[in-house]
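Inspection log for the structure reproduced underneath, given as structure tokens.
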Amino acid sequence: MGKHINKHNSATRSWIALGNPNAILCCAISVALTATVGMERAHAEIDYRDTLYRDTLEKAVDPPGDIEVAAGKFFDVYAADQESYDNNLYRLNRATDVTALIGPNAARQDHINTVSAGLDGQWTPGRQVITLDLRADDNRYAQNNNLNYVSSSDRLVWNWSVGSVLSGQAGADFTRSNAGFVNTNVYSRNLVNQAEYFGGARYQIGPRWAIFGGIMEADTSLSALASKANDSNRKSVEGGVEYATSVQNSFGFEYRYTDGRYPNTPIVNGAPGYPNYKEDRGRFFIKYGISDKTQLNASAGYLKRDYPSHSIGAFSGDIWRASIQWQPRDKTQIVVGGWRELHAYLTADSDYYVSNGFSASPVWLVSEKINISILLSSEKQNYVSSIGTFAAGPRQDKVVAEQAGLTYAAAKFLTVNLSVRHEQRDSNAANEPNFTYNDTLASLGITGKF
């Protein structure tokens with residue numbers, strides 16, 4: 001479902017290429033967290049932020065980004081099949097009659113089969129590194145077959161360098177998926193097309209100082225007519241400076257400006273219902289090796305979002321994100337993190353909230369072929385602007401999730417993934433059917449490379 005199997009192919013390649021327990025565990029954690037996001041977003045856009053999360057523009061200005069330079073040149077074609085079971089597909093509370101709300105053929109529980117095909121390639125002409133990832137998924141529902149859809153995940157990135165002091169990234173990615181049913185009143189197929197175009201550069205002034213900058217444009221569109229007002233275009237520019245005290249330790253400052261626009265916004269009382277916005281974000285960051293087994297990554301700063309019409313409500317306040325990665329043994333690692341950031345769901349993009357969250361992810365590399373991961377997370381969502389009014393005051397939600405995953409590399413060309421996730425959502429707006437619910441999602445997948 002989405003990217004997570006593809007990402008695991010990359011992680012497996014890193015284990016073989018690097019042969020490093022630290023690299024193995026880092027990749028395993030990344031796989032576990034990415035799998036959570038990918039699996040859920042195939043059915044529900046939860047906008048979860050893991051402790052290793054970096055957006056596309058951050059990767060573009062922080063080489064080598066997510067490109068595995070050490071893996072060298074490769075070209076893999078693969079096919080995959082995944083069977084999933086979701087016991088609350090529409091993310092509704094138990095008191096809600098699904099057939100009455102959605103239709104006589106709607107089923108609360110469902111089995112989903114996903115057949116996938118794709119390729120991963122990397123080329124290294126000279127000092128350049130070019131990667132290409134293409135993937136298509138055919139998603140079929142056993143009961144709610146009106147939701148059947150084809151998704152895709154495609155990415156082309158050029159990791160470039162000029163001499164020894166100038167480097168960066170340029171590329172584009174495209175994803176097509178189902179928007180899902182979290183925080184929405186649309187209970188039909190609602191396909192999301194997202195395209196990003198980005199470029200970044202870093203100039204090494206000396207052995208310690210570096211300056212960086214980048215630009216990105218992101219376009220998002222939804223297929224359901226009721227969600228078209230959330231179609232958006234975002235343009236961002238970022239710049240900053242970094243000072244390295246050693247190979248592992250550095251600190252710096254970065255500033256980002258974003259211009260967000262909604263081309264299909266409705267007119268309400270003579271003004272746009274979802275007005276355009278401008279956002280400024282400045283923050284300090286630090287990467288610090290506390291010991292040879294413990295690494296700290298943290299950032300803190302200030303964000304201001306302003307809507308010219310003020311019909312939604314502006315926001316200004318502190319934001320931060322921090323994670324500690326600890327490796328007590330060669331084959332075990334724990335990442336613990338927390339954050340305070342501004343988020344929104346794709347199906348209600350203007351209905352944004354302050355996210356205060358915490359997560360912990362232990363990973364155990366049982367053997368060269370088996371790794372086990374656990375992910376625990378808790379997030380409080382304080383809505384700055386919420387549609388509707390509630391007796392309890394401004395809307396406040398809490399989302400708690402637990403996930404366990406197992407990956408088995410049966411052979412160099414064959415990988416098996418097993419994952420189970422439980423999520424509970426509570427809200428002071430409990431009268432809304434999709435604000436309070438429990439959901440369990442389990443999946444079993446197999447991937448073969450050729």
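By convention here, the chains of the structure tokens are called A, B, ... in the order presented, each chain's residues are numbered starting at 1, and ligands are numbered starting at 1 in the order presented.
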
Exercise. Which neighbours of region 106-113 of chain A fall inside 6 Å, counting only C-alpha atoms, when residues of the same chain fewer than 3 positions from it are skipped, and could you give them as a ChimeraX atom specification?
Worked result: /A:82-89,99,103,139-144

Output N, CA and C atoms for every residue in the selection just made, as a CSV table (one decimal), in the first residue's frame.
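Output (out-v2.csv):
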chain,number,residue,atom,x,y,z
A,82,GLN,N,-0.1,-7.6,-1.4
A,82,GLN,CA,-0.3,-7.4,0.0
A,82,GLN,C,-1.8,-7.6,0.3
A,83,GLU,N,-2.1,-8.3,1.4
A,83,GLU,CA,-3.5,-8.5,1.8
A,83,GLU,C,-3.6,-7.8,3.1
A,84,SER,N,-4.7,-7.0,3.2
A,84,SER,CA,-4.9,-6.2,4.4
A,84,SER,C,-6.3,-6.4,4.9
A,85,TYR,N,-6.5,-6.2,6.3
A,85,TYR,CA,-7.8,-6.3,6.9
A,85,TYR,C,-8.0,-5.0,7.7
A,86,ASP,N,-9.0,-4.3,7.5
A,86,ASP,CA,-9.3,-3.1,8.3
A,86,ASP,C,-10.7,-3.3,8.9
A,87,ASN,N,-10.8,-3.2,10.3
A,87,ASN,CA,-12.0,-3.4,11.0
A,87,ASN,C,-12.9,-2.2,11.1
A,88,ASN,N,-12.4,-1.0,10.6
A,88,ASN,CA,-13.2,0.2,10.7
A,88,ASN,C,-12.7,1.1,9.5
A,89,LEU,N,-13.0,0.7,8.3
A,89,LEU,CA,-12.5,1.3,7.1
A,89,LEU,C,-12.9,2.8,7.0
A,99,THR,N,-24.4,1.8,6.9
A,99,THR,CA,-25.3,1.7,5.7
A,99,THR,C,-26.2,2.9,5.6
A,103,GLY,N,-24.5,4.2,2.5
A,103,GLY,CA,-25.3,3.5,1.5
A,103,GLY,C,-25.5,2.1,1.9
A,139,ASN,N,-5.5,-1.5,-6.1
A,139,ASN,CA,-6.1,-1.8,-4.8
A,139,ASN,C,-7.6,-2.2,-4.9
A,140,ARG,N,-7.9,-3.4,-4.4
A,140,ARG,CA,-9.2,-4.0,-4.6
A,140,ARG,C,-9.8,-4.3,-3.3
A,141,TYR,N,-11.1,-3.8,-3.0
A,141,TYR,CA,-11.8,-4.1,-1.8
A,141,TYR,C,-12.8,-5.2,-2.0
A,142,ALA,N,-12.8,-6.1,-1.0
A,142,ALA,CA,-13.7,-7.3,-1.1
A,142,ALA,C,-15.2,-6.9,-1.0
A,143,GLN,N,-15.5,-5.9,-0.1
A,143,GLN,CA,-16.9,-5.5,0.2
A,143,GLN,C,-17.2,-4.2,-0.5
A,144,ASN,N,-16.4,-3.2,-0.2
A,144,ASN,CA,-16.7,-1.8,-0.7
A,144,ASN,C,-16.0,-1.6,-2.0

Problem set entry | Nearby residues (only C-alpha atoms) at most 7 Å from region 432-449 of chain A, same-chain spacing under 6 positions excluded, as a VMD selection string | chain A and resid 76 to 88 91 to 93 96 182 to 183 413 to 426

Polymer residues at most 6 Å from region 145-162 of chain A, only C-alpha atoms, same-chain spacing of 5 or more positions, as a PDB file with N, CA and C atoms, in the first residue's frame:
ATOM      1  N   GLN A 128      27.993  12.451 -10.138  1.00  0.00           N
ATOM      2  CA  GLN A 128      26.555  12.644  -9.992  1.00  0.00           C
ATOM      3  C   GLN A 128      25.889  11.326  -9.588  1.00  0.00           C
ATOM      4  N   VAL A 129      24.738  11.438  -8.906  1.00  0.00           N
ATOM      5  CA  VAL A 129      23.941  10.268  -8.547  1.00  0.00           C
ATOM      6  C   VAL A 129      22.501  10.546  -8.950  1.00  0.00           C
ATOM      7  N   ILE A 130      21.938   9.682  -9.779  1.00  0.00           N
ATOM      8  CA  ILE A 130      20.574   9.843 -10.266  1.00  0.00           C
ATOM      9  C   ILE A 130      19.757   8.637  -9.828  1.00  0.00           C
ATOM     10  N   THR A 131      18.603   8.879  -9.204  1.00  0.00           N
ATOM     11  CA  THR A 131      17.741   7.784  -8.771  1.00  0.00           C
ATOM     12  C   THR A 131      16.368   7.916  -9.412  1.00  0.00           C
ATOM     13  N   LEU A 132      15.777   6.781  -9.707  1.00  0.00           N
ATOM     14  CA  LEU A 132      14.447   6.722 -10.295  1.00  0.00           C
ATOM     15  C   LEU A 132      13.662   5.624  -9.589  1.00  0.00           C
ATOM     16  N   ASP A 133      12.493   5.968  -9.056  1.00  0.00           N
ATOM     17  CA  ASP A 133      11.594   5.015  -8.411  1.00  0.00           C
ATOM     18  C   ASP A 133      10.221   5.140  -9.046  1.00  0.00           C
ATOM     19  N   LEU A 134       9.711   4.041  -9.562  1.00  0.00           N
ATOM     20  CA  LEU A 134       8.379   4.005 -10.168  1.00  0.00           C
ATOM     21  C   LEU A 134       7.601   2.867  -9.536  1.00  0.00           C
ATOM     22  N   ARG A 135       6.327   3.116  -9.213  1.00  0.00           N
ATOM     23  CA  ARG A 135       5.513   2.084  -8.580  1.00  0.00           C
ATOM     24  C   ARG A 135       4.049   2.307  -8.916  1.00  0.00           C
ATOM     25  N   ALA A 136       3.335   1.214  -9.210  1.00  0.00           N
ATOM     26  CA  ALA A 136       1.893   1.254  -9.446  1.00  0.00           C
ATOM     27  C   ALA A 136       1.237   0.173  -8.603  1.00  0.00           C
ATOM     28  N   ASP A 137       0.076   0.490  -8.016  1.00  0.00           N
ATOM     29  CA  ASP A 137      -0.637  -0.435  -7.138  1.00  0.00           C
ATOM     30  C   ASP A 137      -2.100  -0.533  -7.560  1.00  0.00           C
ATOM     31  N   ASP A 138      -2.593  -1.738  -7.676  1.00  0.00           N
ATOM     32  CA  ASP A 138      -4.010  -1.968  -7.946  1.00  0.00           C
ATOM     33  C   ASP A 138      -4.671  -2.402  -6.642  1.00  0.00           C
ATOM     34  N   ASN A 139      -5.512  -1.539  -6.069  1.00  0.00           N
ATOM     35  CA  ASN A 139      -6.127  -1.762  -4.759  1.00  0.00           C
ATOM     36  C   ASN A 139      -7.571  -2.211  -4.941  1.00  0.00           C
ATOM     37  N   ARG A 140      -7.894  -3.414  -4.437  1.00  0.00           N
ATOM     38  CA  ARG A 140      -9.222  -3.988  -4.617  1.00  0.00           C
ATOM     39  C   ARG A 140      -9.823  -4.327  -3.253  1.00  0.00           C
ATOM     40  N   SER A 167      27.120  21.329  -3.874  1.00  0.00           N
ATOM     41  CA  SER A 167      26.324  20.127  -4.123  1.00  0.00           C
ATOM     42  C   SER A 167      24.859  20.423  -3.843  1.00  0.00           C
ATOM     43  N   GLY A 168      23.995  19.480  -4.202  1.00  0.00           N
ATOM     44  CA  GLY A 168      22.578  19.681  -3.949  1.00  0.00           C
ATOM     45  C   GLY A 168      21.722  18.627  -4.608  1.00  0.00           C
ATOM     46  N   GLN A 169      20.421  18.889  -4.636  1.00  0.00           N
ATOM     47  CA  GLN A 169      19.444  17.986  -5.229  1.00  0.00           C
ATOM     48  C   GLN A 169      18.508  18.757  -6.146  1.00  0.00           C
ATOM     49  N   ALA A 170      18.000  18.074  -7.151  1.00  0.00           N
ATOM     50  CA  ALA A 170      16.932  18.592  -8.001  1.00  0.00           C
ATOM     51  C   ALA A 170      16.073  17.403  -8.399  1.00  0.00           C
ATOM     52  N   GLY A 171      14.772  17.583  -8.417  1.00  0.00           N
ATOM     53  CA  GLY A 171      13.946  16.445  -8.768  1.00  0.00           C
ATOM     54  C   GLY A 171      12.463  16.735  -8.725  1.00  0.00           C
ATOM     55  N   ALA A 172      11.691  15.666  -8.889  1.00  0.00           N
ATOM     56  CA  ALA A 172      10.242  15.745  -8.872  1.00  0.00           C
ATOM     57  C   ALA A 172       9.695  14.423  -8.366  1.00  0.00           C
ATOM     58  N   ASP A 173       8.556  14.491  -7.709  1.00  0.00           N
ATOM     59  CA  ASP A 173       7.876  13.260  -7.314  1.00  0.00           C
ATOM     60  C   ASP A 173       6.376  13.425  -7.496  1.00  0.00           C
ATOM     61  N   PHE A 174       5.711  12.299  -7.657  1.00  0.00           N
ATOM     62  CA  PHE A 174       4.258  12.289  -7.868  1.00  0.00           C
ATOM     63  C   PHE A 174       3.668  11.099  -7.131  1.00  0.00           C
ATOM     64  N   THR A 175       2.579  11.328  -6.405  1.00  0.00           N
ATOM     65  CA  THR A 175       1.865  10.249  -5.736  1.00  0.00           C
ATOM     66  C   THR A 175       0.379  10.367  -6.038  1.00  0.00           C
ATOM     67  N   ARG A 176      -0.246   9.216  -6.136  1.00  0.00           N
ATOM     68  CA  ARG A 176      -1.698   9.136  -6.336  1.00  0.00           C
ATOM     69  C   ARG A 176      -2.205   8.100  -5.345  1.00  0.00           C
ATOM     70  N   SER A 177      -3.155   8.496  -4.489  1.00  0.00           N
ATOM     71  CA  SER A 177      -3.649   7.588  -3.456  1.00  0.00           C
ATOM     72  C   SER A 177      -5.080   7.967  -3.104  1.00  0.00           C
ATOM     73  N   ARG A 189     -14.952   7.212  -2.994  1.00  0.00           N
ATOM     74  CA  ARG A 189     -13.578   7.243  -3.482  1.00  0.00           C
ATOM     75  C   ARG A 189     -13.167   8.689  -3.737  1.00  0.00           C
TER      76      ARG A 189
END

Exercise. DSSP says alpha helix (DSSP H) for which residues of region 86-335 of chain A? Put them as a list in words?
Worked result: Val98, Thr99, Ala100 and Leu101 of chain A

For this session: Give the strand (DSSP E or B) residues of region 357-400 of chain A, as assigned by DSSP on the backbone, as number ranges by chain.
Result: A: 357-365, 370-383, 396-400

Exercise. Near Pro328 (chain A), within 10 Å and counting only C-alpha atoms, which residues show up once chain neighbours fewer than 5 positions away are dropped, as number ranges by chain?
Worked result: A: 293-294, 333-334

Problem set entry | Within 10 Å of region 214-222 of chain A using only C-alpha atoms, minus same-chain residues under 3 positions, as a VMD selection string | chain A and resid 56 to 62 168 to 179 189 to 202 225 to 240 256 to 262 264 346 to 347

Problem set entry | Residues near Lys304 (chain A), cut-off 7 Å, only C-alpha atoms, skip fewer than 4 positions along chain, as a ChimeraX atom specification | /A:279-281,315-317

Exercise. Nearest to Asn276 (chain A): which of A:Ser350, A:Thr407, A:Gln325, A:Ser246 is it, counting only C-alpha atoms?
Worked result: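 So, comparing all the options, the nearest one is A:Ser350.
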
Exercise. Quick one: distance from CA of Phe75 (chain A) to CA of Gly118 (chain A) in Å, one decimal?
Worked result: 10.9 Å

For this session: Write out as a VMD selection string the residues lying within 8 Å of Tyr243 (chain A), counting only C-alpha atoms and excluding same-chain residues fewer than 3 positions away.
Result: chain A and resid 208 to 210 250 to 252

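Distance check against Tyr353 (chain A) using only C-alpha atoms: of A:Asp318, A:Asp397, A:Asp306, A:Glu368, the minimum falls on A:Asp397.
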
Exercise. Separation of CA of His343 (chain A) and CA of Tyr383 (chain A), in Å?
Worked result: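 So the two atoms, CA of His343 (chain A) and CA of Tyr383 (chain A), lie 9.4 Å apart.
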
Problem set entry | CA of Lys412 (chain A) to CA of Lys73 (chain A), straight-line distance in Å | 16.7 Å

Seminar exercise, completed: From the list A:Ala429, A:Ile324, A:Val366, A:Val98, the nearest residue to Gly393 (chain A) using only C-alpha atoms is A:Ala429

Problem set entry | Counting only C-alpha atoms, the residue of A:Ala224, A:Leu342, A:Ala117, A:Ala409 that sits nearest Arg305 (chain A) |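 Ranking A:Ala224, A:Leu342, A:Ala117, A:Ala409 by distance to Arg305 (chain A), first place goes to A:Leu342.
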